[in-house]
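Q: I am sharing my_file-v3.cif, which consists of mmCIF, C-alpha atoms:
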data_input
loop_
_atom_site.group_PDB
_atom_site.id
_atom_site.type_symbol
_atom_site.label_atom_id
_atom_site.label_comp_id
_atom_site.auth_asym_id
_atom_site.auth_seq_id
_atom_site.Cartn_x
_atom_site.Cartn_y
_atom_site.Cartn_z
ATOM 1 C CA MET W 1174 19.683 -18.770 -9.120
ATOM 2 C CA ASN W 1175 16.809 -16.378 -8.467
ATOM 3 C CA ASN W 1176 17.694 -14.108 -5.540
ATOM 4 C CA ASN W 1177 14.724 -11.828 -6.185
ATOM 5 C CA ILE W 1178 12.744 -14.197 -3.948
ATOM 6 C CA PHE W 1179 14.163 -15.099 -0.549
ATOM 7 C CA PRO W 1180 13.081 -15.890 3.025
ATOM 8 C CA CYS W 1181 13.006 -13.313 5.816
ATOM 9 C CA LEU W 1182 13.473 -14.560 9.390
ATOM 10 C CA TRP W 1183 12.249 -12.396 12.292
ATOM 11 C CA TYR W 1184 14.456 -11.857 15.355
ATOM 12 C CA ASP W 1185 14.349 -10.003 18.635
ATOM 13 C CA GLY W 1186 17.845 -8.509 18.623
ATOM 14 C CA ASP W 1187 19.882 -11.646 17.892
ATOM 15 C CA ALA W 1188 19.917 -11.564 14.076
ATOM 16 C CA LYS W 1189 23.671 -10.994 13.867
ATOM 17 C CA GLU W 1190 24.460 -13.877 16.213
ATOM 18 C CA SER W 1191 22.184 -16.095 14.131
ATOM 19 C CA ALA W 1192 23.768 -14.899 10.865
ATOM 20 C CA GLU W 1193 27.226 -15.785 12.136
ATOM 21 C CA PHE W 1194 25.950 -19.188 13.319
ATOM 22 C CA TYR W 1195 24.505 -20.106 9.904
ATOM 23 C CA CYS W 1196 27.499 -18.788 7.973
ATOM 24 C CA LYS W 1197 29.760 -20.958 10.111
ATOM 25 C CA ILE W 1198 27.663 -24.099 9.643
ATOM 26 C CA PHE W 1199 26.954 -23.686 5.937
ATOM 27 C CA TYR W 1200 30.167 -21.845 4.933
ATOM 28 C CA GLY W 1201 28.171 -18.746 4.058
ATOM 29 C CA LYS W 1202 28.936 -15.038 4.085
ATOM 30 C CA ILE W 1203 27.306 -11.920 5.509
ATOM 31 C CA THR W 1204 26.406 -9.514 2.680
ATOM 32 C CA ALA W 1205 24.644 -6.763 4.673
ATOM 33 C CA ASP W 1206 25.204 -5.861 8.317
ATOM 34 C CA THR W 1207 22.975 -3.200 9.896
ATOM 35 C CA PRO W 1208 21.293 -3.000 13.305
ATOM 36 C CA VAL W 1209 17.936 -3.896 11.735
ATOM 37 C CA VAL W 1210 18.757 -6.074 8.716
ATOM 38 C CA MET W 1211 21.357 -8.801 8.223
ATOM 39 C CA ASN W 1212 21.610 -10.426 4.803
ATOM 40 C CA ILE W 1213 23.513 -13.660 4.370
ATOM 41 C CA GLU W 1214 24.297 -15.879 1.420
ATOM 42 C CA ILE W 1215 24.593 -19.635 1.829
ATOM 43 C CA PHE W 1216 24.966 -22.012 -1.116
ATOM 44 C CA GLY W 1217 24.379 -18.989 -3.369
ATOM 45 C CA GLN W 1218 20.987 -18.320 -1.761
ATOM 46 C CA LYS W 1219 20.005 -15.106 -0.018
ATOM 47 C CA LEU W 1220 18.355 -14.994 3.405
ATOM 48 C CA MET W 1221 17.309 -11.851 5.255
ATOM 49 C CA LEU W 1222 17.443 -11.758 9.064
ATOM 50 C CA LEU W 1223 15.344 -8.941 10.507
ATOM 51 C CA ASN W 1224 15.628 -7.536 14.034
ATOM 52 C CA GLY W 1225 11.961 -6.637 14.309
ATOM 53 C CA GLY W 1226 11.414 -6.964 18.066
ATOM 54 C CA PRO W 1227 9.477 -9.418 20.261
ATOM 55 C CA HIS W 1228 6.224 -9.417 18.272
ATOM 56 C CA PHE W 1229 6.594 -12.680 16.305
ATOM 57 C CA THR W 1230 8.192 -16.059 16.937
ATOM 58 C CA LYS W 1231 9.459 -18.374 14.213
ATOM 59 C CA ASN W 1232 7.915 -21.858 14.113
ATOM 60 C CA ALA W 1233 7.856 -25.101 12.139
ATOM 61 C CA SER W 1234 4.967 -24.117 9.848
ATOM 62 C CA VAL W 1235 7.846 -22.981 7.618
ATOM 63 C CA SER W 1236 10.988 -25.099 7.764
ATOM 64 C CA PHE W 1237 14.045 -25.342 5.557
ATOM 65 C CA MET W 1238 14.922 -28.595 3.824
ATOM 66 C CA VAL W 1239 18.654 -28.991 3.255
ATOM 67 C CA ILE W 1240 19.396 -31.519 0.504
ATOM 68 C CA CYS W 1241 22.587 -33.393 1.365
ATOM 69 C CA GLU W 1242 24.536 -35.701 -0.916
ATOM 70 C CA THR W 1243 26.432 -37.754 1.694
ATOM 71 C CA GLU W 1244 25.682 -39.162 5.148
ATOM 72 C CA ASP W 1245 28.692 -37.269 6.521
ATOM 73 C CA GLU W 1246 27.195 -34.002 5.288
ATOM 74 C CA VAL W 1247 23.887 -34.778 7.027
ATOM 75 C CA GLN W 1248 25.707 -35.589 10.259
ATOM 76 C CA LYS W 1249 27.845 -32.450 10.123
ATOM 77 C CA TYR W 1250 24.880 -30.063 9.745
ATOM 78 C CA TRP W 1251 22.793 -31.994 12.268
ATOM 79 C CA ASP W 1252 25.433 -31.936 14.981
ATOM 80 C CA GLN W 1253 25.945 -28.178 14.688
ATOM 81 C CA LEU W 1254 22.267 -27.243 14.436
ATOM 82 C CA MET W 1255 21.575 -29.375 17.505
ATOM 83 C CA GLU W 1256 23.876 -27.191 19.636
ATOM 84 C CA GLY W 1257 21.260 -25.639 21.914
ATOM 85 C CA GLY W 1258 18.535 -27.005 19.633
ATOM 86 C CA ILE W 1259 15.787 -29.631 19.915
ATOM 87 C CA ALA W 1260 15.187 -32.668 17.693
ATOM 88 C CA LEU W 1261 11.623 -32.590 16.310
ATOM 89 C CA MET W 1262 12.233 -35.864 14.462
ATOM 90 C CA PRO W 1263 15.372 -37.764 15.470
ATOM 91 C CA LEU W 1264 18.172 -38.319 12.992
ATOM 92 C CA ASP W 1265 17.449 -41.794 11.657
ATOM 93 C CA SER W 1266 16.609 -43.876 8.616
ATOM 94 C CA TYR W 1267 13.091 -43.325 7.256
ATOM 95 C CA SER W 1268 11.115 -44.625 4.298
ATOM 96 C CA TRP W 1269 11.764 -41.391 2.400
ATOM 97 C CA SER W 1270 15.461 -41.027 3.259
ATOM 98 C CA LYS W 1271 18.263 -43.245 4.504
ATOM 99 C CA LYS W 1272 19.373 -40.431 6.828
ATOM 100 C CA TYR W 1273 17.009 -37.648 7.858
ATOM 101 C CA GLY W 1274 16.229 -35.487 10.868
ATOM 102 C CA TRP W 1275 14.168 -32.411 11.734
ATOM 103 C CA VAL W 1276 15.712 -29.977 14.226
ATOM 104 C CA ARG W 1277 14.694 -26.651 15.755
ATOM 105 C CA ASP W 1278 17.883 -24.700 16.331
ATOM 106 C CA LYS W 1279 18.621 -22.377 19.247
ATOM 107 C CA PHE W 1280 17.212 -19.407 17.305
ATOM 108 C CA GLY W 1281 13.854 -21.095 16.657
ATOM 109 C CA VAL W 1282 14.444 -21.892 12.975
ATOM 110 C CA THR W 1283 13.557 -25.461 11.954
ATOM 111 C CA TRP W 1284 15.629 -27.452 9.488
ATOM 112 C CA GLN W 1285 14.946 -30.768 7.763
ATOM 113 C CA ILE W 1286 18.307 -32.359 7.015
ATOM 114 C CA PHE W 1287 17.744 -34.802 4.180
ATOM 115 C CA LEU W 1288 19.996 -37.287 2.419
ATOM 116 C CA GLY W 1289 18.816 -37.511 -1.157
ATOM 117 C CA GLU W 1290 19.604 -36.920 -4.769
ATOM 118 C CA LYS W 1291 20.013 -33.243 -5.615
ATOM 119 C CA GLN W 1292 17.521 -32.554 -8.397
ATOM 120 C CA PHE W 1293 18.092 -28.829 -8.895
ATOM 121 C CA GLU W 1294 20.643 -26.166 -8.090
ATOM 122 C CA GLN W 1295 18.834 -24.767 -5.035
ATOM 123 C CA LYS W 1296 20.090 -26.618 -1.951
ATOM 124 C CA ILE W 1297 17.889 -25.073 0.757
ATOM 125 C CA ILE W 1298 14.150 -25.430 0.085
ATOM 126 C CA PRO W 1299 11.531 -23.576 2.173
ATOM 127 C CA THR W 1300 8.848 -26.079 3.171
ATOM 128 C CA LEU W 1301 5.319 -24.891 4.015
ATOM 129 C CA MET W 1302 3.082 -26.911 6.355
ATOM 130 C CA PHE W 1303 -0.658 -26.394 5.884
ATOM 131 C CA ILE W 1304 -2.344 -27.076 9.228
ATOM 132 C CA HIS W 1305 -5.525 -26.247 11.179
ATOM 133 C CA GLU W 1306 -8.035 -24.510 8.863
ATOM 134 C CA ASN W 1307 -5.444 -24.713 6.062
ATOM 135 C CA ASN W 1308 -5.110 -28.500 6.301
ATOM 136 C CA GLY W 1309 -6.054 -29.918 2.920
ATOM 137 C CA LYS W 1310 -5.353 -26.642 1.111
ATOM 138 C CA ALA W 1311 -1.733 -27.237 0.058
ATOM 139 C CA LEU W 1312 -2.736 -27.955 -3.541
ATOM 140 C CA GLU W 1313 -4.969 -24.858 -3.658
ATOM 141 C CA ALA W 1314 -2.073 -22.762 -2.375
ATOM 142 C CA MET W 1315 0.354 -24.172 -4.920
ATOM 143 C CA GLU W 1316 -2.130 -23.435 -7.705
ATOM 144 C CA LEU W 1317 -2.536 -19.835 -6.486
ATOM 145 C CA TYR W 1318 1.202 -19.244 -6.249
ATOM 146 C CA THR W 1319 2.080 -20.816 -9.593
ATOM 147 C CA LYS W 1320 -0.745 -18.899 -11.297
ATOM 148 C CA THR W 1321 0.402 -15.603 -9.734
ATOM 149 C CA PHE W 1322 4.140 -15.733 -10.451
ATOM 150 C CA PRO W 1323 5.889 -16.103 -13.832
ATOM 151 C CA ASN W 1324 8.204 -19.022 -14.640
ATOM 152 C CA SER W 1325 6.238 -21.238 -12.270
ATOM 153 C CA SER W 1326 5.198 -24.884 -12.262
ATOM 154 C CA LEU W 1327 3.879 -27.736 -10.157
ATOM 155 C CA GLY W 1328 6.366 -30.551 -9.577
ATOM 156 C CA ASN W 1329 5.952 -33.996 -8.064
ATOM 157 C CA ILE W 1330 2.919 -34.427 -5.791
ATOM 158 C CA LEU W 1331 2.600 -37.346 -3.364
ATOM 159 C CA ARG W 1332 -0.741 -37.785 -1.608
ATOM 160 C CA TYR W 1333 -1.085 -39.628 1.696
ATOM 161 C CA GLY W 1334 -3.209 -42.293 0.009
ATOM 162 C CA GLU W 1335 -0.352 -43.069 -2.365
ATOM 163 C CA GLY W 1336 2.244 -43.854 0.283
ATOM 164 C CA SER W 1337 1.739 -42.979 3.921
ATOM 165 C CA GLU W 1338 4.298 -45.238 5.562
ATOM 166 C CA GLY W 1339 5.460 -43.667 8.792
ATOM 167 C CA HIS W 1340 2.559 -41.206 8.905
ATOM 168 C CA PRO W 1341 -0.609 -41.400 11.002
ATOM 169 C CA ILE W 1342 -3.571 -43.000 9.237
ATOM 170 C CA THR W 1343 -5.708 -40.038 10.306
ATOM 171 C CA GLU W 1344 -4.466 -38.066 7.286
ATOM 172 C CA PRO W 1345 -7.092 -37.917 4.505
ATOM 173 C CA ALA W 1346 -5.934 -39.905 1.484
ATOM 174 C CA GLU W 1347 -6.304 -36.934 -0.890
ATOM 175 C CA ASN W 1348 -4.174 -34.599 1.242
ATOM 176 C CA ILE W 1349 -0.621 -33.729 0.219
ATOM 177 C CA GLN W 1350 2.093 -35.705 2.011
ATOM 178 C CA HIS W 1351 4.844 -33.982 0.047
ATOM 179 C CA ALA W 1352 4.850 -31.746 -3.014
ATOM 180 C CA HIS W 1353 7.259 -29.597 -4.979
ATOM 181 C CA PHE W 1354 6.447 -26.365 -6.760
ATOM 182 C CA VAL W 1355 8.363 -23.517 -8.379
ATOM 183 C CA ILE W 1356 7.547 -19.796 -8.482
ATOM 184 C CA ASP W 1357 9.690 -17.594 -10.715
ATOM 185 C CA ASP W 1358 12.403 -20.291 -10.743
ATOM 186 C CA TYR W 1359 12.500 -20.492 -6.908
ATOM 187 C CA HIS W 1360 11.767 -23.923 -5.416
ATOM 188 C CA PHE W 1361 9.451 -24.775 -2.522
ATOM 189 C CA PHE W 1362 8.138 -27.919 -0.883
ATOM 190 C CA CYS W 1363 4.827 -28.171 0.958
ATOM 191 C CA MET W 1364 2.612 -30.597 2.856
ATOM 192 C CA ASP W 1365 -0.741 -30.912 4.585
ATOM 193 C CA ASN W 1366 -0.766 -31.984 8.234
ATOM 194 C CA SER W 1367 -3.778 -32.645 10.475
ATOM 195 C CA TYR W 1368 -1.910 -32.662 13.798
ATOM 196 C CA ASP W 1369 -3.101 -29.937 16.192
ATOM 197 C CA HIS W 1370 0.180 -28.018 16.338
ATOM 198 C CA GLN W 1371 0.369 -25.069 18.718
ATOM 199 C CA PHE W 1372 1.532 -22.765 15.919
ATOM 200 C CA ASP W 1373 0.648 -21.640 12.409
ATOM 201 C CA PHE W 1374 1.896 -19.288 9.706
ATOM 202 C CA ASN W 1375 2.875 -15.885 11.075
ATOM 203 C CA GLU W 1376 5.239 -13.019 10.298
ATOM 204 C CA GLY W 1377 8.117 -14.861 11.992
ATOM 205 C CA ILE W 1378 9.025 -16.279 8.573
ATOM 206 C CA SER W 1379 7.971 -14.498 5.396
ATOM 207 C CA MET W 1380 8.996 -14.478 1.762
ATOM 208 C CA VAL W 1381 10.424 -11.317 0.205
ATOM 209 C CA VAL W 1382 9.767 -10.674 -3.489
ATOM 210 C CA MET W 1383 11.812 -7.920 -5.159
ATOM 211 C CA THR W 1384 9.840 -6.336 -8.000
ATOM 212 C CA ASN W 1385 11.044 -4.445 -11.062
ATOM 213 C CA ASP W 1386 8.272 -1.852 -11.394
ATOM 214 C CA GLN W 1387 4.853 -0.735 -10.170
ATOM 215 C CA GLU W 1388 2.995 -3.006 -12.587
ATOM 216 C CA GLN W 1389 4.654 -6.112 -11.155
ATOM 217 C CA THR W 1390 4.191 -4.814 -7.604
ATOM 218 C CA ASP W 1391 0.476 -4.213 -8.194
ATOM 219 C CA HIS W 1392 -0.045 -7.623 -9.819
ATOM 220 C CA LEU W 1393 1.538 -9.567 -6.967
ATOM 221 C CA TRP W 1394 -0.095 -7.444 -4.265
ATOM 222 C CA ASN W 1395 -3.560 -7.684 -5.776
ATOM 223 C CA SER W 1396 -3.302 -11.411 -6.535
ATOM 224 C CA LEU W 1397 -2.033 -12.409 -3.101
ATOM 225 C CA THR W 1398 -4.497 -10.274 -1.115
ATOM 226 C CA LEU W 1399 -7.476 -11.569 -3.121
ATOM 227 C CA ASP W 1400 -10.220 -13.708 -1.522
ATOM 228 C CA GLY W 1401 -9.343 -13.286 2.131
ATOM 229 C CA GLY W 1402 -5.777 -12.007 2.041
ATOM 230 C CA ARG W 1403 -4.920 -9.030 4.247
ATOM 231 C CA GLU W 1404 -2.872 -5.923 3.566
ATOM 232 C CA SER W 1405 -0.382 -4.884 6.211
ATOM 233 C CA MET W 1406 2.162 -2.056 6.376
ATOM 234 C CA CYS W 1407 5.416 -1.292 4.543
ATOM 235 C CA GLY W 1408 4.905 -3.790 1.724
ATOM 236 C CA TRP W 1409 3.842 -6.690 3.982
ATOM 237 C CA LEU W 1410 0.722 -8.739 3.289
ATOM 238 C CA LYS W 1411 -0.841 -12.046 4.259
ATOM 239 C CA ASP W 1412 -2.371 -14.248 1.595
ATOM 240 C CA LYS W 1413 -5.657 -16.123 2.097
ATOM 241 C CA PHE W 1414 -3.778 -18.918 3.922
ATOM 242 C CA GLY W 1415 -2.153 -16.522 6.394
ATOM 243 C CA PHE W 1416 1.297 -16.853 4.850
ATOM 244 C CA SER W 1417 3.278 -13.586 4.885
ATOM 245 C CA TRP W 1418 4.894 -11.928 1.877
ATOM 246 C CA GLN W 1419 6.889 -8.732 1.484
ATOM 247 C CA ILE W 1420 6.430 -7.162 -1.961
ATOM 248 C CA VAL W 1421 9.382 -4.786 -2.290
ATOM 249 C CA PRO W 1422 10.191 -2.693 -5.384
ATOM 250 C CA LYS W 1423 13.917 -2.667 -6.108
ATOM 251 C CA ARG W 1424 13.634 1.105 -6.480
ATOM 252 C CA LEU W 1425 12.790 1.373 -2.773
ATOM 253 C CA ILE W 1426 16.118 -0.201 -1.826
ATOM 254 C CA GLN W 1427 17.980 2.086 -4.231
ATOM 255 C CA LEU W 1428 16.377 5.232 -2.812
ATOM 256 C CA MET W 1429 16.809 4.143 0.818
ATOM 257 C CA SER W 1430 20.496 3.500 0.111
ATOM 258 C CA ASP W 1431 21.164 6.963 -1.313
ATOM 259 C CA PRO W 1432 24.311 8.637 0.121
ATOM 260 C CA ASP W 1433 22.220 11.759 0.808
ATOM 261 C CA LYS W 1434 20.976 10.752 4.255
ATOM 262 C CA GLU W 1435 18.204 13.352 4.337
ATOM 263 C CA LYS W 1436 16.744 12.200 1.021
ATOM 264 C CA ALA W 1437 17.023 8.538 2.079
ATOM 265 C CA GLN W 1438 15.259 9.320 5.363
ATOM 266 C CA ASN W 1439 12.456 11.095 3.500
ATOM 267 C CA VAL W 1440 11.940 7.902 1.494
ATOM 268 C CA VAL W 1441 11.884 5.755 4.633
ATOM 269 C CA GLN W 1442 9.317 8.040 6.260
ATOM 270 C CA ALA W 1443 7.112 7.888 3.160
ATOM 271 C CA MET W 1444 7.405 4.092 3.016
ATOM 272 C CA MET W 1445 6.407 3.764 6.693
ATOM 273 C CA LYS W 1446 3.009 5.317 5.897
ATOM 274 C CA MET W 1447 2.266 2.911 3.018
ATOM 275 C CA GLN W 1448 0.642 -0.485 2.805
ATOM 276 C CA LYS W 1449 1.399 -1.412 -0.807
ATOM 277 C CA ILE W 1450 4.569 0.395 -1.905
ATOM 278 C CA ILE W 1451 3.883 3.149 -4.464
ATOM 279 C CA ILE W 1452 7.109 3.903 -6.321
ATOM 280 C CA GLN W 1453 6.033 7.337 -7.581
ATOM 281 C CA ASP W 1454 5.245 8.463 -4.028
ATOM 282 C CA LEU W 1455 8.729 7.341 -2.992
ATOM 283 C CA GLU W 1456 10.238 9.350 -5.846
ATOM 284 C CA ASN W 1457 8.205 12.375 -4.786
ATOM 285 C CA ALA W 1458 9.444 12.056 -1.203
ATOM 286 C CA TYR W 1459 13.030 11.693 -2.433
ATOM 287 C CA ASN W 1460 12.772 14.834 -4.539
ATOM 288 C CA SER W 1461 10.892 16.901 -1.986
#
What's the structure tokens form of this structure?
A:
Amino acid sequence: MNNNIFPCLWYDGDAKESAEFYCKIFYGKITADTPVVMNIEIFGQKLMLLNGGPHFTKNASVSFMVICETEDEVQKYWDQLMEGGIALMPLDSYSWSKKYGWVRDKFGVTWQIFLGEKQFEQKIIPTLMFIHENNGKALEAMELYTKTFPNSSLGNILRYGEGSEGHPITEPAENIQHAHFVIDDYHFFCMDNSYDHQFDFNEGISMVVMTNDQEQTDHLWNSLTLDGGRESMCGWLKDKFGFSWQIVPKRLIQLMSDPDKEKAQNVVQAMMKMQKIIIQDLENAYNS
């Protein structure tokens, strides 16, 4: 499974509590434990939990579909995620699943618990909702992402006009009700939605991409900031749809983890001044 691409969830001081909560529910393990960053692994998949402060709030524009193979499994996850949480769609039988529910947990992360046939190894699938000015652009986004990343493909695409049972008739027939795509062997789902939600993509949930070298870093950075994307700081960017990515060279992590604390701190200070990460500048700071 590709753990060079993984979600990052933004917290205001409660990342560790959240990490312990998810590891308990999904039988996961904590793989990194620092005041700023918690990494966990559940079902062999990496998630980063970042204590970044009060600036951003997670919302349902990015949710996590959990593919379950039995009704008991659905019920077990649902009951635990509902502790202090809110049901966005009640656990019930729907046209697309015999047992399904959508819950926002007590940490603000939204989960779609889905009974269905497991079609690939990845059990937790980030699901992007294209709303407001992005409504109707899910296919365009999938085409951008699959063109940008290697080992990528478009999967099944269901448009509202092909089967909209249980959905409002206000959705344009050509819009995406549900679609599957893969970037660098990492699976996503996405949808268009015309409802006027009081949220949209923000830095509360981003995708981290670990790169091997400067060439790969430059390619992803340049492709994702093209045509309306926006550069941010420390390897963060927003693509033209407002979705956040962190393009992080693996060398940065190696240098920041050096046992020589002074050298590691020099690297961190250099990184804090960058937008796109320049590996040679990090090396220079390390050797200064």
Q: Which of these residues is nearest to Thr1319 of chain W, using only C-alpha atoms: W:Phe1293, W:Ser1379, W:Leu1397, W:Gln1371?
A: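 The shortest atom-to-atom distance to Thr1319 of chain W comes from W:Leu1397.
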Q: For the provided coordinates, the residues matched by the PyMOL selection byres ((chain W and resi 1438) around 12) should be stated as a PyMOL selection string.
A: chain W and resi 1425-1426+1428-1437+1439-1445+1455+1458-1461
Q: Smallest atom-to-atom distance to Asn1176 of chain W: which of W:Leu1327, W:Phe1374, W:Asp1357, W:Trp1275, using all atoms listed in the file?
A: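 Answer, going by the shortest atom-to-atom distance: W:Asp1357.
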Q: Would you mind listing what lies within 10 Å of Ala1352 of chain W as a PyMOL selection string, with all atoms listed in the file counted and same-chain residues fewer than 4 positions away left out?
A: chain W and resi 1300-1301+1311-1312+1315+1327-1332+1361-1365
Q: Neighbouring residues of Asp1369 of chain W were defined as those with any atom within 10 Å, considering only C-alpha atoms; residues of the same chain fewer than 3 positions away were excluded. Please report them as a VMD selection string.
A: chain W and resid 1304 to 1305 1366 1372 to 1373
Q: List as a ChimeraX atom specification the residues having at least one atom at most 9 Å from position (0.6, -19.9, 6.0) as given in the file, counting all atoms listed in the file.
A: /W:1234-1235,1301-1304,1307,1373-1375,1411-1417
Q: How would segment 1341-1357 of chain W look with N, CA, C and O atoms restored, written as a short mmCIF file (atom, residue, chain, number, x, y, z; two decimals), in the frame of the given file?
A:
data_model
loop_
_atom_site.label_atom_id
_atom_site.label_comp_id
_atom_site.auth_asym_id
_atom_site.auth_seq_id
_atom_site.Cartn_x
_atom_site.Cartn_y
_atom_site.Cartn_z
N PRO W 1341 0.63 -40.95 10.38
CA PRO W 1341 -0.61 -41.40 11.00
C PRO W 1341 -1.70 -41.63 9.97
O PRO W 1341 -1.80 -40.90 8.99
N ILE W 1342 -2.52 -42.65 10.20
CA ILE W 1342 -3.57 -43.00 9.24
C ILE W 1342 -4.72 -42.00 9.28
O ILE W 1342 -5.65 -42.08 8.49
N THR W 1343 -4.65 -41.04 10.22
CA THR W 1343 -5.71 -40.04 10.31
C THR W 1343 -5.66 -39.04 9.16
O THR W 1343 -6.60 -38.27 8.97
N GLU W 1344 -4.57 -39.01 8.39
CA GLU W 1344 -4.47 -38.07 7.29
C GLU W 1344 -5.40 -38.49 6.14
O GLU W 1344 -5.35 -39.63 5.69
N PRO W 1345 -6.24 -37.59 5.66
CA PRO W 1345 -7.09 -37.92 4.50
C PRO W 1345 -6.25 -38.33 3.30
O PRO W 1345 -5.20 -37.73 3.03
N ALA W 1346 -6.72 -39.33 2.58
CA ALA W 1346 -5.93 -39.90 1.48
C ALA W 1346 -5.62 -38.88 0.40
O ALA W 1346 -4.56 -38.95 -0.23
N GLU W 1347 -6.52 -37.90 0.20
CA GLU W 1347 -6.30 -36.93 -0.89
C GLU W 1347 -5.37 -35.80 -0.49
O GLU W 1347 -4.93 -35.02 -1.34
N ASN W 1348 -5.05 -35.69 0.80
CA ASN W 1348 -4.17 -34.60 1.24
C ASN W 1348 -2.74 -34.81 0.79
O ASN W 1348 -2.32 -35.94 0.52
N ILE W 1349 -1.99 -33.71 0.74
CA ILE W 1349 -0.62 -33.73 0.22
C ILE W 1349 0.35 -34.15 1.32
O ILE W 1349 0.48 -33.49 2.34
N GLN W 1350 1.03 -35.27 1.09
CA GLN W 1350 2.09 -35.70 2.01
C GLN W 1350 3.38 -34.93 1.72
O GLN W 1350 4.09 -34.52 2.64
N HIS W 1351 3.65 -34.75 0.45
CA HIS W 1351 4.84 -33.98 0.05
C HIS W 1351 4.65 -33.53 -1.39
O HIS W 1351 4.21 -34.30 -2.24
N ALA W 1352 4.96 -32.27 -1.64
CA ALA W 1352 4.85 -31.75 -3.01
C ALA W 1352 5.93 -30.71 -3.26
O ALA W 1352 6.46 -30.09 -2.33
N HIS W 1353 6.22 -30.53 -4.52
CA HIS W 1353 7.26 -29.60 -4.98
C HIS W 1353 6.62 -28.63 -5.96
O HIS W 1353 5.86 -29.03 -6.83
N PHE W 1354 6.90 -27.34 -5.77
CA PHE W 1354 6.45 -26.36 -6.76
C PHE W 1354 7.50 -25.28 -6.92
O PHE W 1354 8.39 -25.12 -6.07
N VAL W 1355 7.39 -24.54 -8.02
CA VAL W 1355 8.36 -23.52 -8.38
C VAL W 1355 7.62 -22.23 -8.68
O VAL W 1355 6.62 -22.24 -9.41
N ILE W 1356 8.07 -21.10 -8.09
CA ILE W 1356 7.55 -19.80 -8.48
C ILE W 1356 8.73 -18.93 -8.91
O ILE W 1356 9.69 -18.76 -8.18
N ASP W 1357 8.63 -18.42 -10.13
CA ASP W 1357 9.69 -17.59 -10.72
C ASP W 1357 11.07 -18.22 -10.50
O ASP W 1357 12.02 -17.55 -10.06
#
